Every structure is written in C-alpha cells, then in structure tokens.
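Data file: protein_31.cif. Format and content: mmCIF, C-alpha atoms.
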data_coords
loop_
_atom_site.group_PDB
_atom_site.id
_atom_site.type_symbol
_atom_site.label_atom_id
_atom_site.label_comp_id
_atom_site.auth_asym_id
_atom_site.auth_seq_id
_atom_site.Cartn_x
_atom_site.Cartn_y
_atom_site.Cartn_z
ATOM 1 C CA MET A 1416 -20.881 24.707 -155.719
ATOM 2 C CA CYS A 1417 -23.409 26.606 -153.679
ATOM 3 C CA ARG A 1418 -25.025 29.133 -155.987
ATOM 4 C CA PRO A 1419 -26.203 29.378 -159.608
ATOM 5 C CA PRO A 1420 -23.748 30.842 -162.112
ATOM 6 C CA PRO A 1421 -24.180 34.454 -163.219
ATOM 7 C CA LYS A 1422 -26.272 34.957 -166.342
ATOM 8 C CA PRO A 1423 -24.295 35.283 -169.582
ATOM 9 C CA ARG A 1424 -23.619 38.743 -170.949
ATOM 10 C CA ASP A 1425 -24.219 39.680 -174.570
ATOM 11 C CA ASP A 1426 -20.491 39.964 -175.154
ATOM 12 C CA ASP A 1427 -19.624 36.551 -173.694
ATOM 13 C CA ALA A 1428 -16.849 34.923 -175.724
ATOM 14 C CA THR A 1429 -16.557 31.172 -175.882
ATOM 15 C CA ASP A 1430 -13.533 30.382 -178.036
ATOM 16 C CA ASP A 1431 -10.064 29.581 -176.700
ATOM 17 C CA THR A 1432 -8.486 32.580 -178.428
ATOM 18 C CA GLU A 1433 -10.623 35.074 -176.539
ATOM 19 C CA ALA A 1434 -10.066 33.157 -173.302
ATOM 20 C CA THR A 1435 -6.328 33.377 -173.851
ATOM 21 C CA HIS A 1436 -6.524 37.142 -174.446
ATOM 22 C CA GLN A 1437 -8.626 37.526 -171.301
ATOM 23 C CA SER A 1438 -6.043 35.542 -169.342
ATOM 24 C CA LYS A 1439 -3.282 37.832 -170.566
ATOM 25 C CA ARG A 1440 -5.295 40.931 -169.701
ATOM 26 C CA SER A 1441 -5.736 39.709 -166.134
ATOM 27 C CA ARG A 1442 -1.946 39.702 -165.802
ATOM 28 C CA THR A 1443 -1.991 43.485 -165.782
ATOM 29 C CA LYS A 1444 -3.178 43.268 -162.178
ATOM 30 C CA SER A 1445 -0.671 40.582 -161.231
ATOM 31 C CA LEU A 1446 0.255 40.345 -157.565
ATOM 32 C CA ALA A 1447 3.863 40.008 -158.693
ATOM 33 C CA ASP A 1448 3.643 43.493 -160.200
ATOM 34 C CA GLN A 1449 2.586 45.011 -156.896
ATOM 35 C CA PRO A 1450 5.256 46.114 -154.385
ATOM 36 C CA PRO A 1451 5.260 44.374 -150.983
ATOM 37 C CA THR A 1452 3.151 46.103 -148.345
ATOM 38 C CA PRO A 1453 4.901 47.619 -145.292
ATOM 39 C CA CYS A 1454 3.547 44.746 -143.198
ATOM 40 C CA GLU A 1455 4.933 42.135 -145.618
ATOM 41 C CA LEU A 1456 8.356 43.790 -145.575
ATOM 42 C CA ASN A 1457 8.268 44.010 -141.791
ATOM 43 C CA ARG A 1458 7.367 40.355 -141.318
ATOM 44 C CA ARG A 1459 9.871 39.127 -143.897
ATOM 45 C CA ALA A 1460 12.594 40.793 -141.853
ATOM 46 C CA GLY A 1461 12.017 38.141 -139.177
ATOM 47 C CA ASN A 1462 12.672 38.847 -135.472
ATOM 48 C CA ASP A 1463 9.522 37.060 -134.306
ATOM 49 C CA GLU A 1464 10.864 36.676 -130.758
ATOM 50 C CA ALA A 1465 10.915 40.446 -130.268
ATOM 51 C CA ARG A 1466 7.481 40.636 -131.897
ATOM 52 C CA VAL A 1467 6.051 38.093 -129.453
ATOM 53 C CA GLU A 1468 7.533 39.979 -126.497
ATOM 54 C CA LYS A 1469 6.038 43.274 -127.647
ATOM 55 C CA ILE A 1470 2.593 41.779 -128.253
ATOM 56 C CA ALA A 1471 2.671 39.975 -124.892
ATOM 57 C CA GLY A 1472 3.238 43.293 -123.139
ATOM 58 C CA ALA A 1473 0.220 44.756 -124.912
ATOM 59 C CA VAL A 1474 -1.917 41.736 -123.962
ATOM 60 C CA SER A 1475 -0.941 42.189 -120.299
ATOM 61 C CA THR A 1476 -2.170 45.777 -120.503
ATOM 62 C CA ILE A 1477 -5.456 44.615 -122.049
ATOM 63 C CA LEU A 1478 -6.001 42.052 -119.277
ATOM 64 C CA GLU A 1479 -5.429 44.724 -116.639
ATOM 65 C CA ALA A 1480 -7.833 47.078 -118.439
ATOM 66 C CA LEU A 1481 -10.466 44.312 -118.356
ATOM 67 C CA GLY A 1482 -10.104 44.223 -114.567
ATOM 68 C CA GLU A 1483 -8.340 40.860 -114.491
ATOM 69 C CA ASP A 1484 -5.525 39.865 -112.180
ATOM 70 C CA ARG A 1485 -2.908 38.858 -114.744
ATOM 71 C CA THR A 1486 -0.762 37.303 -111.997
ATOM 72 C CA ARG A 1487 -3.291 34.581 -111.179
ATOM 73 C CA PRO A 1488 -2.240 31.087 -112.327
ATOM 74 C CA GLY A 1489 -4.641 30.806 -115.261
ATOM 75 C CA LEU A 1490 -3.439 34.058 -116.842
ATOM 76 C CA GLN A 1491 0.280 34.093 -116.102
ATOM 77 C CA GLN A 1492 1.246 32.628 -119.497
ATOM 78 C CA THR A 1493 -1.743 33.986 -121.410
ATOM 79 C CA PRO A 1494 0.001 37.095 -122.806
ATOM 80 C CA LYS A 1495 2.803 35.021 -124.327
ATOM 81 C CA ARG A 1496 0.419 32.322 -125.594
ATOM 82 C CA LEU A 1497 -1.829 34.866 -127.292
ATOM 83 C CA ALA A 1498 1.185 36.679 -128.744
ATOM 84 C CA GLN A 1499 2.527 33.430 -130.228
ATOM 85 C CA LEU A 1500 -0.915 32.591 -131.601
ATOM 86 C CA LEU A 1501 -1.250 35.976 -133.318
ATOM 87 C CA VAL A 1502 2.216 35.752 -134.852
ATOM 88 C CA ASP A 1503 1.460 32.247 -136.142
ATOM 89 C CA CYS A 1504 -1.996 33.158 -137.459
ATOM 90 C CA THR A 1505 -0.523 36.073 -139.419
ATOM 91 C CA SER A 1506 2.566 34.246 -140.696
ATOM 92 C CA GLY A 1507 1.257 34.495 -144.273
ATOM 93 C CA TYR A 1508 2.622 38.044 -144.483
ATOM 94 C CA ALA A 1509 6.146 36.624 -144.491
ATOM 95 C CA ARG A 1510 5.529 34.158 -147.328
ATOM 96 C CA ARG A 1511 6.156 34.722 -151.037
ATOM 97 C CA LEU A 1512 4.323 32.980 -153.858
ATOM 98 C CA ASP A 1513 7.521 31.553 -155.358
ATOM 99 C CA GLU A 1514 8.440 30.060 -151.970
ATOM 100 C CA VAL A 1515 5.011 28.484 -151.617
ATOM 101 C CA LEU A 1516 5.143 26.994 -155.116
ATOM 102 C CA ASN A 1517 8.680 25.664 -154.594
ATOM 103 C CA GLY A 1518 9.001 24.830 -158.281
ATOM 104 C CA ALA A 1519 5.862 22.653 -158.402
ATOM 105 C CA VAL A 1520 4.671 24.013 -161.770
ATOM 106 C CA PHE A 1521 4.758 21.337 -164.460
ATOM 107 C CA GLU A 1522 4.497 21.330 -168.248
ATOM 108 C CA GLU A 1523 1.386 19.340 -169.226
ATOM 109 C CA THR A 1524 -0.925 19.243 -172.246
ATOM 110 C CA TYR A 1525 -4.029 18.663 -170.087
ATOM 111 C CA SER A 1526 -6.540 21.378 -170.975
ATOM 112 C CA GLU A 1527 -9.724 20.562 -169.037
ATOM 113 C CA MET A 1528 -10.830 22.088 -165.763
ATOM 114 C CA VAL A 1529 -8.967 21.199 -162.559
ATOM 115 C CA VAL A 1530 -11.023 21.603 -159.377
ATOM 116 C CA VAL A 1531 -9.914 21.191 -155.762
ATOM 117 C CA ARG A 1532 -12.843 21.412 -153.366
ATOM 118 C CA ASP A 1533 -13.288 21.805 -149.612
ATOM 119 C CA ILE A 1534 -9.894 23.276 -148.733
ATOM 120 C CA ALA A 1535 -10.113 24.192 -145.029
ATOM 121 C CA LEU A 1536 -9.592 27.884 -144.300
ATOM 122 C CA TYR A 1537 -8.915 29.653 -140.987
ATOM 123 C CA SER A 1538 -8.305 33.384 -140.869
ATOM 124 C CA LEU A 1539 -8.708 36.455 -138.659
ATOM 125 C CA CYS A 1540 -11.161 39.246 -139.409
ATOM 126 C CA GLU A 1541 -9.181 42.478 -139.595
ATOM 127 C CA HIS A 1542 -12.059 44.489 -138.097
ATOM 128 C CA HIS A 1543 -12.334 42.618 -134.787
ATOM 129 C CA VAL A 1544 -9.363 40.194 -134.860
ATOM 130 C CA VAL A 1545 -11.613 37.205 -134.251
ATOM 131 C CA PRO A 1546 -11.654 34.083 -136.416
ATOM 132 C CA PHE A 1547 -13.591 33.289 -139.529
ATOM 133 C CA HIS A 1548 -13.367 29.795 -140.903
ATOM 134 C CA GLY A 1549 -14.791 27.596 -143.613
ATOM 135 C CA LYS A 1550 -13.736 26.128 -146.925
ATOM 136 C CA CYS A 1551 -12.414 27.177 -150.289
ATOM 137 C CA HIS A 1552 -12.966 25.724 -153.769
ATOM 138 C CA ILE A 1553 -10.374 26.485 -156.449
ATOM 139 C CA ALA A 1554 -10.558 25.689 -160.156
ATOM 140 C CA TYR A 1555 -8.480 26.579 -163.190
ATOM 141 C CA VAL A 1556 -8.179 25.627 -166.855
ATOM 142 C CA PRO A 1557 -4.509 24.901 -167.655
ATOM 143 C CA ASN A 1558 -2.737 26.560 -170.549
ATOM 144 C CA GLY A 1559 0.222 24.207 -170.942
ATOM 145 C CA ARG A 1560 1.176 24.128 -167.249
ATOM 146 C CA VAL A 1561 -0.352 22.626 -164.104
ATOM 147 C CA LEU A 1562 0.250 23.183 -160.402
ATOM 148 C CA GLY A 1563 1.005 20.537 -157.812
ATOM 149 C CA LEU A 1564 -2.393 20.021 -156.188
ATOM 150 C CA SER A 1565 -1.153 20.741 -152.664
ATOM 151 C CA LYS A 1566 0.050 24.146 -153.840
ATOM 152 C CA LEU A 1567 -3.535 25.307 -154.276
ATOM 153 C CA ALA A 1568 -4.157 24.620 -150.596
ATOM 154 C CA ARG A 1569 -0.876 26.303 -149.666
ATOM 155 C CA ILE A 1570 -1.767 29.410 -151.688
ATOM 156 C CA ALA A 1571 -5.097 29.618 -149.856
ATOM 157 C CA GLU A 1572 -3.349 29.207 -146.502
ATOM 158 C CA MET A 1573 -0.744 31.880 -147.308
ATOM 159 C CA TYR A 1574 -3.425 34.517 -147.781
ATOM 160 C CA ALA A 1575 -5.676 33.219 -144.992
ATOM 161 C CA ARG A 1576 -2.886 33.615 -142.427
ATOM 162 C CA ARG A 1577 -3.217 37.395 -142.390
ATOM 163 C CA LEU A 1578 -5.656 39.931 -141.024
ATOM 164 C CA GLN A 1579 -8.297 39.656 -143.722
ATOM 165 C CA VAL A 1580 -11.702 40.358 -145.128
ATOM 166 C CA GLN A 1581 -13.210 37.450 -147.019
ATOM 167 C CA GLU A 1582 -13.772 39.438 -150.204
ATOM 168 C CA ARG A 1583 -10.090 40.371 -150.529
ATOM 169 C CA LEU A 1584 -8.963 36.882 -149.535
ATOM 170 C CA THR A 1585 -11.014 35.367 -152.367
ATOM 171 C CA GLN A 1586 -9.530 37.744 -154.942
ATOM 172 C CA GLN A 1587 -5.971 37.217 -153.724
ATOM 173 C CA ILE A 1588 -6.255 33.436 -153.994
ATOM 174 C CA ALA A 1589 -7.594 33.686 -157.551
ATOM 175 C CA GLN A 1590 -4.920 36.136 -158.687
ATOM 176 C CA ALA A 1591 -2.141 34.063 -157.094
ATOM 177 C CA VAL A 1592 -3.246 30.960 -159.029
ATOM 178 C CA GLN A 1593 -3.342 33.089 -162.186
ATOM 179 C CA ASP A 1594 0.188 34.339 -161.501
ATOM 180 C CA ALA A 1595 1.472 30.867 -160.618
ATOM 181 C CA CYS A 1596 0.784 29.089 -163.917
ATOM 182 C CA GLU A 1597 -0.943 31.585 -166.254
ATOM 183 C CA PRO A 1598 -3.969 29.358 -166.953
ATOM 184 C CA LEU A 1599 -6.779 30.196 -169.367
ATOM 185 C CA GLY A 1600 -8.982 31.002 -166.399
ATOM 186 C CA VAL A 1601 -9.414 30.723 -162.628
ATOM 187 C CA GLY A 1602 -12.449 30.398 -160.378
ATOM 188 C CA VAL A 1603 -12.516 30.587 -156.579
ATOM 189 C CA VAL A 1604 -15.414 30.266 -154.126
ATOM 190 C CA VAL A 1605 -14.963 30.799 -150.383
ATOM 191 C CA GLU A 1606 -17.638 29.885 -147.813
ATOM 192 C CA CYS A 1607 -17.008 30.977 -144.210
ATOM 193 C CA SER A 1608 -18.649 31.508 -140.855
ATOM 194 C CA HIS A 1609 -17.546 34.725 -139.138
ATOM 195 C CA MET A 1610 -17.258 34.817 -135.367
ATOM 196 C CA CYS A 1611 -17.677 38.613 -135.462
ATOM 197 C CA MET A 1612 -21.257 37.905 -136.601
ATOM 198 C CA CYS A 1613 -21.870 34.800 -134.499
ATOM 199 C CA MET A 1614 -20.505 35.707 -131.051
ATOM 200 C CA ARG A 1615 -21.039 39.493 -130.961
ATOM 201 C CA GLY A 1616 -23.281 42.163 -132.438
ATOM 202 C CA VAL A 1617 -26.169 40.541 -134.281
ATOM 203 C CA ARG A 1618 -25.155 37.062 -132.962
ATOM 204 C CA ALA A 1619 -26.247 35.372 -136.181
ATOM 205 C CA ALA A 1620 -25.156 31.867 -135.225
ATOM 206 C CA GLY A 1621 -25.142 29.441 -138.136
ATOM 207 C CA SER A 1622 -24.826 32.131 -140.795
ATOM 208 C CA SER A 1623 -22.257 31.816 -143.566
ATOM 209 C CA THR A 1624 -20.826 34.168 -146.151
ATOM 210 C CA VAL A 1625 -20.067 33.119 -149.740
ATOM 211 C CA THR A 1626 -17.722 35.041 -152.021
ATOM 212 C CA SER A 1627 -16.392 34.264 -155.494
ATOM 213 C CA ALA A 1628 -13.738 35.493 -157.909
ATOM 214 C CA VAL A 1629 -13.456 34.589 -161.602
ATOM 215 C CA LEU A 1630 -10.663 35.425 -164.035
ATOM 216 C CA GLY A 1631 -10.024 34.732 -167.724
ATOM 217 C CA SER A 1632 -12.294 32.135 -169.333
ATOM 218 C CA PHE A 1633 -14.292 31.776 -166.105
ATOM 219 C CA ARG A 1634 -15.369 35.377 -166.565
ATOM 220 C CA SER A 1635 -15.704 35.465 -170.355
ATOM 221 C CA ASP A 1636 -17.292 32.050 -170.983
ATOM 222 C CA PHE A 1637 -20.669 31.336 -169.372
ATOM 223 C CA ARG A 1638 -20.317 27.585 -169.944
ATOM 224 C CA THR A 1639 -17.030 27.474 -168.030
ATOM 225 C CA ARG A 1640 -18.573 29.420 -165.135
ATOM 226 C CA GLN A 1641 -21.589 27.140 -165.188
ATOM 227 C CA GLU A 1642 -19.428 23.999 -165.025
ATOM 228 C CA PHE A 1643 -17.462 25.421 -162.099
ATOM 229 C CA PHE A 1644 -20.432 26.532 -160.006
ATOM 230 C CA ALA A 1645 -22.269 23.276 -160.771
ATOM 231 C CA ASN A 1646 -19.439 21.359 -159.094
#
In structure tokens, write the structure found in this file.
Amino acid sequence: MCRPPPKPRDDDATDDTEATHQSKRSRTKSLADQPPTPCELNRRAGNDEARVEKIAGAVSTILEALGEDRTRPGLQQTPKRLAQLLVDCTSGYARRLDEVLNGAVFEETYSEMVVVRDIALYSLCEHHVVPFHGKCHIAYVPNGRVLGLSKLARIAEMYARRLQVQERLTQQIAQAVQDACEPLGVGVVVECSHMCMCMRGVRAAGSSTVTSAVLGSFRSDFRTRQEFFAN
C-alpha cells in the first residue's frame, strides 16, 4: 500500500486456528451488537423534506450573518441547495448493513486474500463540516463466505456519508466487513486529503492522512499484514 507493515510481536500467531479464534474475539465489538445512535434513529425515520426546509432556514441566517444579501439572484436558491447537499452527504446515517449487503454474501471455499484497492471516498469532517476525500483499500481473508465485490465499496460509502473523522471511518469499515461475512481477518487503509487542513488554518495544501485498521489474522499474523501492506 503506502507504508511498511508493523513489526511482528513476540506473541504473533501464524496458524489458521489462532486466526479463527482472533476473528471470533473481534465479534465481541460487532457493530450489530451496538444500539443505533440517536442520529441514526432520527434519519431512519425519514422526513427529509422537513429536514431540508429546517436546514435551509439556518443557512439563510448564516448568509445574513456573513453580511450577504440572500435575496440577490446568485444566493436565492443557495439555502435549499446547501440543505439538500448536506442531507445527501449524510445519508449514510439512514442505511443499515443488511440493506447495503442485500444478500450478496456467498458460500465459497476460496481462502486466500481478497483485496479491492482505490475505492473513492468523499466525506465531511465533523469538526468543520468541510470535505475530506481520497481512497480506501479493503482486504479480507474469507472463512467459507465471500462478499459481492461492489458491497465493499458500498460499505465504505455508507460510513463515509456521515459527519466523520478519518480514524473512526477506517475502523467502522473494517468492523462492518468483519460483521458481514465473518472472515479470518480484515485490513483497511484509508488515504485522504482534508480541506480543513488545506483551505484553512495551516493551509497544508497537498498533504494527506493515512489511517489503517486490522482485525483477526491481519492483526495476529505478521505475514498476512505484510502481504496486505505490500499491495
């Protein structure tokens, strides 16, 4: 990928039995075991039209506070446009993993690593509500079941379309893949450029942030981690 793998620990286990146990242990933190957040419950209730109207009113107030004339032609529809954009860019709150998968989990004996690279990601930083964007690499080692390849991209999109921090986004994608097909292990790397760093504050244009999450055999077996990060 884009960085060397972590050095092996003394207690690294390399056999399939230990990897299987590690995979089962990771289930204790399953996303499915966690209750929906208030925001998820709110968004799943629907009523996006009322949500857009409420946000548009707030945007009008912001424009006035900035000293703008919100009645001028270029800004007349801006409150509604921005409201619709925000609702769309946070639509991941309303999605459930089972809906995203839509049954695309298949019994297969394939047991080598599956890697999908360069999945485009667009999200909003929850600290400044400005975009961060980049790409995501997802890998897993099947344990009797495989996912439809497009579902990996859809899982990434579901969690990206929320107010996010990249570190949490990376972990959520990894845990969702683990929950989806209970593989022997999962690895995720996310590389993004953050507009909150590029267009404000330090103005570090061209900078990128890399985060990773490893579960199961990707955590316990150095050789599996090494193969993943070498890709």
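Ranking A:Ala1473, A:Cys1540, A:Leu1512, A:Val1467 by their shortest atom-to-atom distance to A:Lys1495, with all atoms listed in the file included, puts A:Val1467 first.
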inquiry  = Show me, as a VMD selection string, the residues that have an atom within 7 Å of A:Leu1630 when counting all atoms listed in the file, minus same-chain residues fewer than 3 positions from it.
reply    = chain A and resid 1441 1600 to 1602 1633 to 1634
Residue contacts of A:Ile1570 (12 Å, only C-alpha atoms) excluding same-chain residues fewer than 4 positions away, as a PDB file with C-alpha atoms, in the coordinates of the input:
ATOM      1  CA  GLY A1507       1.257  34.495-144.273  1.00  0.00           C
ATOM      2  CA  ARG A1510       5.529  34.158-147.328  1.00  0.00           C
ATOM      3  CA  ARG A1511       6.156  34.722-151.037  1.00  0.00           C
ATOM      4  CA  LEU A1512       4.323  32.980-153.858  1.00  0.00           C
ATOM      5  CA  ASP A1513       7.521  31.553-155.358  1.00  0.00           C
ATOM      6  CA  GLU A1514       8.440  30.060-151.970  1.00  0.00           C
ATOM      7  CA  VAL A1515       5.011  28.484-151.617  1.00  0.00           C
ATOM      8  CA  LEU A1516       5.143  26.994-155.116  1.00  0.00           C
ATOM      9  CA  ASN A1517       8.680  25.664-154.594  1.00  0.00           C
ATOM     10  CA  ILE A1534      -9.894  23.276-148.733  1.00  0.00           C
ATOM     11  CA  ALA A1535     -10.113  24.192-145.029  1.00  0.00           C
ATOM     12  CA  LEU A1536      -9.592  27.884-144.300  1.00  0.00           C
ATOM     13  CA  CYS A1551     -12.414  27.177-150.289  1.00  0.00           C
ATOM     14  CA  HIS A1552     -12.966  25.724-153.769  1.00  0.00           C
ATOM     15  CA  ILE A1553     -10.374  26.485-156.449  1.00  0.00           C
ATOM     16  CA  LEU A1562       0.250  23.183-160.402  1.00  0.00           C
ATOM     17  CA  GLY A1563       1.005  20.537-157.812  1.00  0.00           C
ATOM     18  CA  LEU A1564      -2.393  20.021-156.188  1.00  0.00           C
ATOM     19  CA  SER A1565      -1.153  20.741-152.664  1.00  0.00           C
ATOM     20  CA  LYS A1566       0.050  24.146-153.840  1.00  0.00           C
ATOM     21  CA  TYR A1574      -3.425  34.517-147.781  1.00  0.00           C
ATOM     22  CA  ALA A1575      -5.676  33.219-144.992  1.00  0.00           C
ATOM     23  CA  ARG A1576      -2.886  33.615-142.427  1.00  0.00           C
ATOM     24  CA  LEU A1584      -8.963  36.882-149.535  1.00  0.00           C
ATOM     25  CA  THR A1585     -11.014  35.367-152.367  1.00  0.00           C
ATOM     26  CA  GLN A1586      -9.530  37.744-154.942  1.00  0.00           C
ATOM     27  CA  GLN A1587      -5.971  37.217-153.724  1.00  0.00           C
ATOM     28  CA  ILE A1588      -6.255  33.436-153.994  1.00  0.00           C
ATOM     29  CA  ALA A1589      -7.594  33.686-157.551  1.00  0.00           C
ATOM     30  CA  GLN A1590      -4.920  36.136-158.687  1.00  0.00           C
ATOM     31  CA  ALA A1591      -2.141  34.063-157.094  1.00  0.00           C
ATOM     32  CA  VAL A1592      -3.246  30.960-159.029  1.00  0.00           C
ATOM     33  CA  GLN A1593      -3.342  33.089-162.186  1.00  0.00           C
ATOM     34  CA  ASP A1594       0.188  34.339-161.501  1.00  0.00           C
ATOM     35  CA  ALA A1595       1.472  30.867-160.618  1.00  0.00           C
ATOM     36  CA  VAL A1603     -12.516  30.587-156.579  1.00  0.00           C
TER      37      VAL A1603
END
key: Picked residues, the PyMOL selection byres ((chain A and resi 1455) around 10), expected as a ChimeraX atom specification   = /A:1450-1454,1456-1460,1506-1511,1577
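Ranking A:Thr1639, A:Ser1632, A:Ser1608, A:Thr1493 by their shortest atom-to-atom distance to A:His1548, with only C-alpha atoms included, puts A:Ser1608 first.
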Do you know which residues are at most 12 Å from A:Ser1623 counting all atoms listed in the file, after dropping those on the same chain fewer than 5 positions away, and could you put them as a PDB file with C-alpha atoms, keeping the file's coordinate frame?
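Printed below is out_6.pdb as written:
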ATOM      1  CA  CYS A1417     -23.409  26.606-153.679  1.00  0.00           C
ATOM      2  CA  PHE A1547     -13.591  33.289-139.529  1.00  0.00           C
ATOM      3  CA  HIS A1548     -13.367  29.795-140.903  1.00  0.00           C
ATOM      4  CA  GLY A1549     -14.791  27.596-143.613  1.00  0.00           C
ATOM      5  CA  LYS A1550     -13.736  26.128-146.925  1.00  0.00           C
ATOM      6  CA  GLN A1581     -13.210  37.450-147.019  1.00  0.00           C
ATOM      7  CA  VAL A1605     -14.963  30.799-150.383  1.00  0.00           C
ATOM      8  CA  GLU A1606     -17.638  29.885-147.813  1.00  0.00           C
ATOM      9  CA  CYS A1607     -17.008  30.977-144.210  1.00  0.00           C
ATOM     10  CA  SER A1608     -18.649  31.508-140.855  1.00  0.00           C
ATOM     11  CA  HIS A1609     -17.546  34.725-139.138  1.00  0.00           C
ATOM     12  CA  MET A1610     -17.258  34.817-135.367  1.00  0.00           C
ATOM     13  CA  CYS A1611     -17.677  38.613-135.462  1.00  0.00           C
ATOM     14  CA  MET A1612     -21.257  37.905-136.601  1.00  0.00           C
ATOM     15  CA  CYS A1613     -21.870  34.800-134.499  1.00  0.00           C
TER      16      CYS A1613
END
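In this model, the gap between atom CA of A:Ala1471 and atom CA of A:Val1545 comes to 17.3 Å.
Remark: for A:Ala1554, the closest of the candidate residues A:Asp1448, A:Asp1533, A:Glu1522, A:Glu1479 is A:Asp1533 (distances computed over only C-alpha atoms).
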query = For A:Asp1503, which residue among A:Val1530, A:Val1604, A:Leu1481, A:Met1573 is the nearest when counting all atoms listed in the file?
reply = A:Met1573
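Straight-line separation from atom CA of A:Gly1631 to atom CA of A:Leu1599: 5.8 Å.
Between atom CA of A:Pro1557 and atom CA of A:Glu1582 there is a distance of 24.5 Å.
Candidate residues A:Ala1620, A:Leu1500, A:Leu1567, A:Val1580 were compared for distance to A:Val1529, and the nearest is A:Leu1567, using all atoms listed in the file.
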Stretch 1526-1532 of chain A: axis-aligned bounding box, 6 Å on each side, centre and edge lengths in Å, one decimal, as lines of an AutoDock Vina configuration file:
center_x = -9.7
center_y = 21.3
center_z = -162.2
size_x = 18.3
size_y = 13.5
size_z = 29.6
Quick one: apply the PyMOL selection byres ((chain A and resi 1496) around 12) to the file and drop the selected residues here as a compact mmCIF listing (two decimals) with C-alpha atoms, in the frame of the given file.
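Output contents, as saved in result.txt:
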# COMPACT_ATOMS: atom_id res chain seq x y z
CA VAL A 1467 6.05 38.09 -129.45
CA GLU A 1468 7.53 39.98 -126.50
CA ILE A 1470 2.59 41.78 -128.25
CA ALA A 1471 2.67 39.98 -124.89
CA GLY A 1472 3.24 43.29 -123.14
CA VAL A 1474 -1.92 41.74 -123.96
CA SER A 1475 -0.94 42.19 -120.30
CA GLY A 1489 -4.64 30.81 -115.26
CA LEU A 1490 -3.44 34.06 -116.84
CA GLN A 1491 0.28 34.09 -116.10
CA GLN A 1492 1.25 32.63 -119.50
CA THR A 1493 -1.74 33.99 -121.41
CA PRO A 1494 0.00 37.10 -122.81
CA LYS A 1495 2.80 35.02 -124.33
CA LEU A 1497 -1.83 34.87 -127.29
CA ALA A 1498 1.18 36.68 -128.74
CA GLN A 1499 2.53 33.43 -130.23
CA LEU A 1500 -0.92 32.59 -131.60
CA LEU A 1501 -1.25 35.98 -133.32
CA VAL A 1502 2.22 35.75 -134.85
CA ASP A 1503 1.46 32.25 -136.14
